[in-house]
Amino acid sequence: MNENKNTRSIDDEISLKELILKCKEIIIFIFARWYVIAFFSLVFCGYQYYSYLKIKSEYTAETRFIIEGQSGSGDGIGGLLGAIGMGKSNKTNPYKILEVGMSTNTLVELLNEKLDNGKGIGNLLIEEYFSTKEVEGEQMDEDYRFKDNMNIESLDEYGLSLIRKLKSKVWGNPNHGVAGLLTFELDNDSGIYSISAKTETEDLSLGMSKKMYSYVKGFFEEDVFLKQKQLGDILTAKSDSLELLRNSTVRRLANFENTNRSAVSFSLLSEKQILMAEIQAINSAYIEVIKNREMNDVRIKDIQPLFMAIDTPYKPLSVSNPSLFKFLITGLFLGVFLSVFILVIRKVYLDIMNN
């Protein structure tokens, strides 16, 4: 019994000793071939440096704004915006602004916008990202460009497919972790919206961020309330017309009284009463129109959102460049790991063949 224990202990000591010696032998073998490690490290570092040079700088432009002026009155928002499905969905995203901003129609309007150099944003995006023979395995028309003031209905099949690709490129695919060129977000805690554009061109980033904000602002401050404002213009014109008619009738009555000051007859009294009745009727109509106009103005001011930019981008924009140090460290790590792995495999193979 004791002899078996002593034998097992000796075997264990021998096995541990052999393991230590084998590791030492492998380490010496690896260090003796340092040039292999250096070669692989240089190759991978060179590849990483080449990849670093191919990466283009990206310019980031961010517009931040808040929305004020909404009272949340039921008859206003519910009756006007609710009718078209854009009523206040919750306190942090009134009027579904994020959904409208990221819609296809908004994207088309953005693509139609022109920068200061006269080039359209849509065509600039095509030149930057889709002016190649093939994109994601699909053949592309290198010379295709959008016409001015294009719309969905006027596009052919290729144009529609390009719009879908542009939408995916601009907004990305958050579900798959793919970032887009443009982000439209809302900080629920502060209530601050942000429109951020990141492209390889400074002018394009600046233009996309500013033009998107301008369109969304104009849509909610002007377009949604266009009929209400048209009604206000009609009421104003009507009140002006009634005021002129009232003043004209008052002058007629004054002239009539001056002309027939001493004359008394039933026909003259009847004509005077008719003029006074006209003035009273016109006054009643004028007061009603003025009342409706003021109510319409108050309603618009009560429900119309007011966009207030609190941070706008300007040149020079911030540039995001990848870290060369990280690229080289990654290449060095891959080179050392792969070379050591190959040398260990080779050492084990040689030991097996020699035995």
# chains A, B, ... in the order shown; residues from 1 in each chain; ligands from 1
call {"tool": "residues_around", "arguments": {"residues": "Lys119 of chain A", "least_positions_apart": "5", "cutoff": "12 Å", "atoms": "only C-alpha atoms", "output": "PyMOL selection string"}}
result
chain A and resi 111-114+124-127+145-148+203-204+207
call {"tool": "write_last_selection", "arguments": {"atoms": "C-alpha atoms", "output": "compact mmCIF listing (two decimals), in the first residue's frame"}}
result
# COMPACT_ATOMS: atom_id res chain seq x y z
CA LEU A 111 -32.45 65.40 -50.90
CA ASN A 112 -33.98 68.25 -52.92
CA GLU A 113 -32.28 70.91 -50.80
CA LYS A 114 -29.22 72.67 -52.24
CA LEU A 124 -23.84 64.83 -53.43
CA LEU A 125 -24.75 61.69 -51.47
CA ILE A 126 -24.87 59.71 -54.72
CA GLU A 127 -21.43 61.02 -55.71
CA ARG A 145 -28.48 61.97 -60.83
CA PHE A 146 -31.73 63.34 -59.42
CA LYS A 147 -33.48 66.17 -61.23
CA ASP A 148 -34.32 69.42 -59.47
CA ASP A 203 -20.23 71.20 -46.25
CA LEU A 204 -22.46 68.13 -46.56
CA GLY A 207 -25.97 71.34 -44.84
call {"tool": "select_by_dssp", "arguments": {"residues": "segment 139-267 of chain A", "states": "strand (DSSP E)", "output": "PyMOL selection string"}}
result
chain A and resi 139+182-187+192-199
call {"tool": "select_by_dssp", "arguments": {"residues": "segment 130-337 of chain A", "states": "alpha helix (DSSP H)", "output": "ChimeraX atom specification"}}
result
/A:157-171,202-218,226-259,266-303,324-337
call {"tool": "residues_around", "arguments": {"residues": "Asp297 of chain A", "least_positions_apart": "2", "cutoff": "12 Å", "atoms": "only C-alpha atoms", "output": "list in words"}}
result
Gly76, Phe225, Gln228, Lys229, Gln230, Leu231, Gly232, Asp233, Leu235, Thr236, Ile290, Lys291, Asn292, Arg293, Glu294, Met295, Arg299, Ile300, Lys301, Asp302, Ile303 and Gln304 of chain A
call {"tool": "residues_around", "arguments": {"residues": "segment 19-27 of chain A", "least_positions_apart": "6", "cutoff": "12 Å", "atoms": "only C-alpha atoms", "output": "list in words"}}
result
Asp12, Glu13, Arg33, Trp34, Val340, Phe341, Ile342, Leu343, Val344, Ile345, Arg346, Lys347, Val348, Tyr349, Leu350 and Asp351 of chain A
call {"tool": "closest_residue", "arguments": {"among": "A:Ser190, A:Asn260, A:Thr249, A:Ser168", "to": "Met102 of chain A", "atoms": "only C-alpha atoms"}}
result
A:Ser168
call {"tool": "closest_atom_pairs", "arguments": {"of": "segment 290-329 of chain A", "to": "segment 40-62 of chain A", "cutoff": "9 Å", "atoms": "only C-alpha atoms", "output": "JSON lines"}}
result
{"residue": "A:Asp311", "atom": "CA", "partner": "A:Glu62", "partner_atom": "CA", "distance": 7.8}
{"residue": "A:Thr312", "atom": "CA", "partner": "A:Glu62", "partner_atom": "CA", "distance": 6.7}
{"residue": "A:Pro313", "atom": "CA", "partner": "A:Ala61", "partner_atom": "CA", "distance": 5.5}
{"residue": "A:Tyr314", "atom": "CA", "partner": "A:Ala61", "partner_atom": "CA", "distance": 7.7}
{"residue": "A:Leu317", "atom": "CA", "partner": "A:Tyr59", "partner_atom": "CA", "distance": 6.0}
{"residue": "A:Ser318", "atom": "CA", "partner": "A:Tyr59", "partner_atom": "CA", "distance": 5.8}
{"residue": "A:Val319", "atom": "CA", "partner": "A:Tyr59", "partner_atom": "CA", "distance": 4.8}
{"residue": "A:Ser320", "atom": "CA", "partner": "A:Glu58", "partner_atom": "CA", "distance": 5.4}
{"residue": "A:Asn321", "atom": "CA", "partner": "A:Ser57", "partner_atom": "CA", "distance": 5.4}
{"residue": "A:Pro322", "atom": "CA", "partner": "A:Tyr52", "partner_atom": "CA", "distance": 7.4}
{"residue": "A:Ser323", "atom": "CA", "partner": "A:Tyr52", "partner_atom": "CA", "distance": 8.4}
{"residue": "A:Leu324", "atom": "CA", "partner": "A:Tyr52", "partner_atom": "CA", "distance": 6.7}
{"residue": "A:Phe327", "atom": "CA", "partner": "A:Gln48", "partner_atom": "CA", "distance": 5.6}
{"residue": "A:Leu328", "atom": "CA", "partner": "A:Cys45", "partner_atom": "CA", "distance": 5.3}
{"residue": "A:Ile329", "atom": "CA", "partner": "A:Cys45", "partner_atom": "CA", "distance": 7.8}
call {"tool": "closest_residue", "arguments": {"among": "A:Leu155, A:Ile28, A:Leu16, A:Leu242", "to": "Glu288 of chain A", "atoms": "only C-alpha atoms"}}
result
A:Leu242
call {"tool": "closest_residue", "arguments": {"among": "A:Leu332, A:Val108, A:Ile282, A:Leu268", "to": "Asn247 of chain A", "atoms": "only C-alpha atoms"}}
result
A:Ile282
call {"tool": "atom_distance", "arguments": {"atom1": "atom CA of Phe307 of chain A", "atom2": "atom CA of Phe219 of chain A"}}
result
10.8 Å
call {"tool": "closest_residue", "arguments": {"among": "A:Leu269, A:Leu107, A:Ala281, A:Pro305", "to": "Ile121 of chain A", "atoms": "only C-alpha atoms"}}
result
A:Leu107
